[in-house]
Amino acid sequence: MSTGDDAVSPGNGASRHGASGDDASLNGGAGTGTGNGNGARIIPITAAPSAPPPDPADERLASLFAFLRRRVTGDYEIDEFGFDSELNDKVLLELLRPLYRRWFRIETLGLENVPAEAGALVVANHSGTLPLDALMLQVALHDEARRPVRLLGAHLVYQLPVLGHLARKSGHTLACREDADRLLRKGELVGVFPEGFKGIGKPFSERYRLQRFGRGGFVASAIQAGVPIVPCAIVGAEEIYPKIGDVPALARALGLPYLPITPLFPWLGPLGLIPLPSKWLIEFGEPIRTDSYDPEDADDPMLVFELTDRIRETIQRQLDALRLRRGPAFPPLP
């Protein structure tokens, strides 16, 4: 008498035999390359074409949608000063790069003098009627030196609703001793323009002549933190909006430090705000060390004054040499 197992054995055997036959057919097709029962030619797996590379346009679009999703959902980070590194890198600096690379054709020198890590204070001349030199310095340090710079700005910047908000987002903060000290102690690269409005608003006839550097609060901050001071000379900004006049009464009524008259503004209206395409050079000089001083020396007014004057003279020499190196402000395009 057969059991249930014996009864199904022939069926199982036939099933296994049928599978073996199919395998043989497939193997034969693969070996001969003639095909299978469906008419498709079978090739070895090693000969199969690889997947096509991703389309760069699709990757950029996906990255854009991911960025927008993070902005909408609030899934991004800012630091205690309001610095939004993602927005700065992907939007704000991206808007400035065409000016930096193609309009002003900026070249940088002495990048090896900018510390790759740790805190440092970059001290630069200020010029150009509108503070495009600050923005171009920000691009230069971010793209060339691979370091975000925390610029110290005037109170007026942060009193303007949109501009003040964007300044915070891009890493700028108020030009005060307390903020500078905190940033330098945290190891940040800080930038300052000691001339302030006296430098950026001077007439074109005084171009590349440094104005007074104020009371030297930036030097005291550097001594307190023990960080190097990097003198920086910017040539090219003086020619973008040549200031040939001023309207002081209207400037006071608007709460502005000055209201410039240039060869194109206000005569051409909004078109007069387009900067002239001068050739720019930005040079970072040899760092001036402050770690040999005690933190208490930051309160010594004579020492602070001497260092401030030394830095000012250094930047003036850099400017004079850099102007000669550049040549004409508007060289012929290649």
# chains A, B, ... in the order shown; residues from 1 in each chain; ligands from 1
>>> residues_around(residues="Leu130 of chain A", least_positions_apart="4", cutoff="10 Å", atoms="only C-alpha atoms", output="ChimeraX atom specification")
/A:126,134,197,200-201,237-238,240-241,260,273,275
>>> write_last_selection(atoms="C-alpha atoms", output="JSON list (two decimals), in the first residue's frame")
[["chain", "number", "residue", "atom", "x", "y", "z"],
["A", 126, "HIS", "CA", 36.62, 100.90, 2.89],
["A", 134, "ALA", "CA", 32.54, 94.32, 1.94],
["A", 197, "PHE", "CA", 31.47, 105.99, 6.55],
["A", 200, "ILE", "CA", 33.24, 104.72, 1.92],
["A", 201, "GLY", "CA", 31.76, 108.20, 1.53],
["A", 237, "ALA", "CA", 36.10, 99.78, -5.39],
["A", 238, "GLU", "CA", 36.97, 103.48, -5.57],
["A", 240, "ILE", "CA", 32.66, 101.85, -9.25],
["A", 241, "TYR", "CA", 30.67, 104.94, -8.12],
["A", 260, "PRO", "CA", 26.17, 110.90, -3.30],
["A", 273, "LEU", "CA", 23.13, 102.44, -9.55],
["A", 275, "PRO", "CA", 28.52, 99.89, -10.72]]
>>> select_by_dssp(residues="segment 45-289 of chain A", states="strand (DSSP E)", output="number ranges by chain")
A: 107-109, 120-124, 149-153, 173-174, 189-192, 229-235, 245-246, 260-261, 281-284
>>> residues_around(residues="segment 314-326 of chain A", least_positions_apart="4", cutoff="8 Å", atoms="only C-alpha atoms", output="list of chain:residue names")
A:Ala124, A:Asn125, A:Tyr208, A:Arg209, A:Leu210, A:Pro231, A:Cys232, A:Ala233, A:Ile234, A:Val235, A:Lys279, A:Trp280, A:Leu281, A:Glu283, A:Gly285, A:Arg310
>>> write_last_selection(atoms="N, CA, C and O atoms", output="mmCIF file, in the first residue's frame")
data_model
loop_
_atom_site.group_PDB
_atom_site.id
_atom_site.type_symbol
_atom_site.label_atom_id
_atom_site.label_comp_id
_atom_site.auth_asym_id
_atom_site.auth_seq_id
_atom_site.Cartn_x
_atom_site.Cartn_y
_atom_site.Cartn_z
ATOM 1 N N ALA A 124 40.461 95.934 6.708
ATOM 2 C CA ALA A 124 40.530 96.369 5.316
ATOM 3 C C ALA A 124 40.155 97.830 5.166
ATOM 4 O O ALA A 124 39.461 98.409 6.008
ATOM 5 N N ASN A 125 40.612 98.426 4.057
ATOM 6 C CA ASN A 125 40.171 99.773 3.692
ATOM 7 C C ASN A 125 38.737 99.710 3.162
ATOM 8 O O ASN A 125 38.259 98.662 2.701
ATOM 9 N N TYR A 208 41.818 106.203 -2.506
ATOM 10 C CA TYR A 208 42.963 105.429 -2.017
ATOM 11 C C TYR A 208 43.808 106.182 -0.996
ATOM 12 O O TYR A 208 44.979 105.868 -0.794
ATOM 13 N N ARG A 209 43.217 107.176 -0.341
ATOM 14 C CA ARG A 209 43.858 107.811 0.808
ATOM 15 C C ARG A 209 43.076 107.394 2.046
ATOM 16 O O ARG A 209 41.915 107.777 2.216
ATOM 17 N N LEU A 210 43.703 106.632 2.896
ATOM 18 C CA LEU A 210 43.010 106.117 4.069
ATOM 19 C C LEU A 210 42.592 107.242 5.009
ATOM 20 O O LEU A 210 43.341 108.187 5.236
ATOM 21 N N PRO A 231 46.187 92.555 7.711
ATOM 22 C CA PRO A 231 45.881 93.779 6.950
ATOM 23 C C PRO A 231 45.477 93.427 5.522
ATOM 24 O O PRO A 231 46.084 92.573 4.877
ATOM 25 N N CYS A 232 44.431 94.077 5.035
ATOM 26 C CA CYS A 232 43.883 93.752 3.715
ATOM 27 C C CYS A 232 43.702 95.031 2.912
ATOM 28 O O CYS A 232 43.131 96.015 3.406
ATOM 29 N N ALA A 233 44.190 95.028 1.678
ATOM 30 C CA ALA A 233 44.039 96.177 0.772
ATOM 31 C C ALA A 233 43.139 95.782 -0.383
ATOM 32 O O ALA A 233 43.337 94.737 -1.014
ATOM 33 N N ILE A 234 42.144 96.628 -0.665
ATOM 34 C CA ILE A 234 41.194 96.384 -1.759
ATOM 35 C C ILE A 234 41.316 97.526 -2.754
ATOM 36 O O ILE A 234 41.050 98.685 -2.429
ATOM 37 N N VAL A 235 41.724 97.196 -3.967
ATOM 38 C CA VAL A 235 41.857 98.177 -5.042
ATOM 39 C C VAL A 235 40.813 97.870 -6.105
ATOM 40 O O VAL A 235 40.683 96.726 -6.541
ATOM 41 N N LYS A 279 38.554 97.059 -12.598
ATOM 42 C CA LYS A 279 39.352 95.871 -12.287
ATOM 43 C C LYS A 279 39.760 95.908 -10.825
ATOM 44 O O LYS A 279 40.275 96.911 -10.332
ATOM 45 N N TRP A 280 39.539 94.777 -10.117
ATOM 46 C CA TRP A 280 39.792 94.725 -8.676
ATOM 47 C C TRP A 280 40.964 93.793 -8.357
ATOM 48 O O TRP A 280 41.142 92.743 -8.989
ATOM 49 N N LEU A 281 41.707 94.165 -7.323
ATOM 50 C CA LEU A 281 42.694 93.301 -6.688
ATOM 51 C C LEU A 281 42.469 93.352 -5.177
ATOM 52 O O LEU A 281 42.235 94.424 -4.621
ATOM 53 N N GLU A 283 44.392 92.070 -1.669
ATOM 54 C CA GLU A 283 45.627 91.482 -1.139
ATOM 55 C C GLU A 283 45.550 91.360 0.380
ATOM 56 O O GLU A 283 45.179 92.315 1.071
ATOM 57 N N GLY A 285 47.789 90.887 3.614
ATOM 58 C CA GLY A 285 49.175 91.063 4.019
ATOM 59 C C GLY A 285 49.593 90.099 5.118
ATOM 60 O O GLY A 285 48.799 89.298 5.625
ATOM 61 N N ARG A 310 50.107 101.544 13.159
ATOM 62 C CA ARG A 310 50.966 100.641 12.389
ATOM 63 C C ARG A 310 50.163 99.899 11.326
ATOM 64 O O ARG A 310 50.610 99.750 10.169
#
>>> residues_around(residues="Thr108 of chain A", least_positions_apart="2", cutoff="8 Å", atoms="only C-alpha atoms", output="list of chain:residue names")
A:Ile106, A:Gly110, A:Leu111, A:Ala140, A:Glu144, A:Leu281, A:Ile282, A:Glu283, A:Phe284
>>> closest_residue(among="A:Phe213, A:Ala222, A:Pro148, A:Ala62", to="Glu178 of chain A", atoms="only C-alpha atoms")
A:Ala222
>>> atom_distance(atom1="atom CA of Arg212 of chain A", atom2="atom CA of Tyr158 of chain A")
23.4 Å
>>> closest_residue(among="A:Leu121, A:Leu93, A:Leu141, A:Ile229", to="Leu183 of chain A", atoms="only C-alpha atoms")
A:Leu121
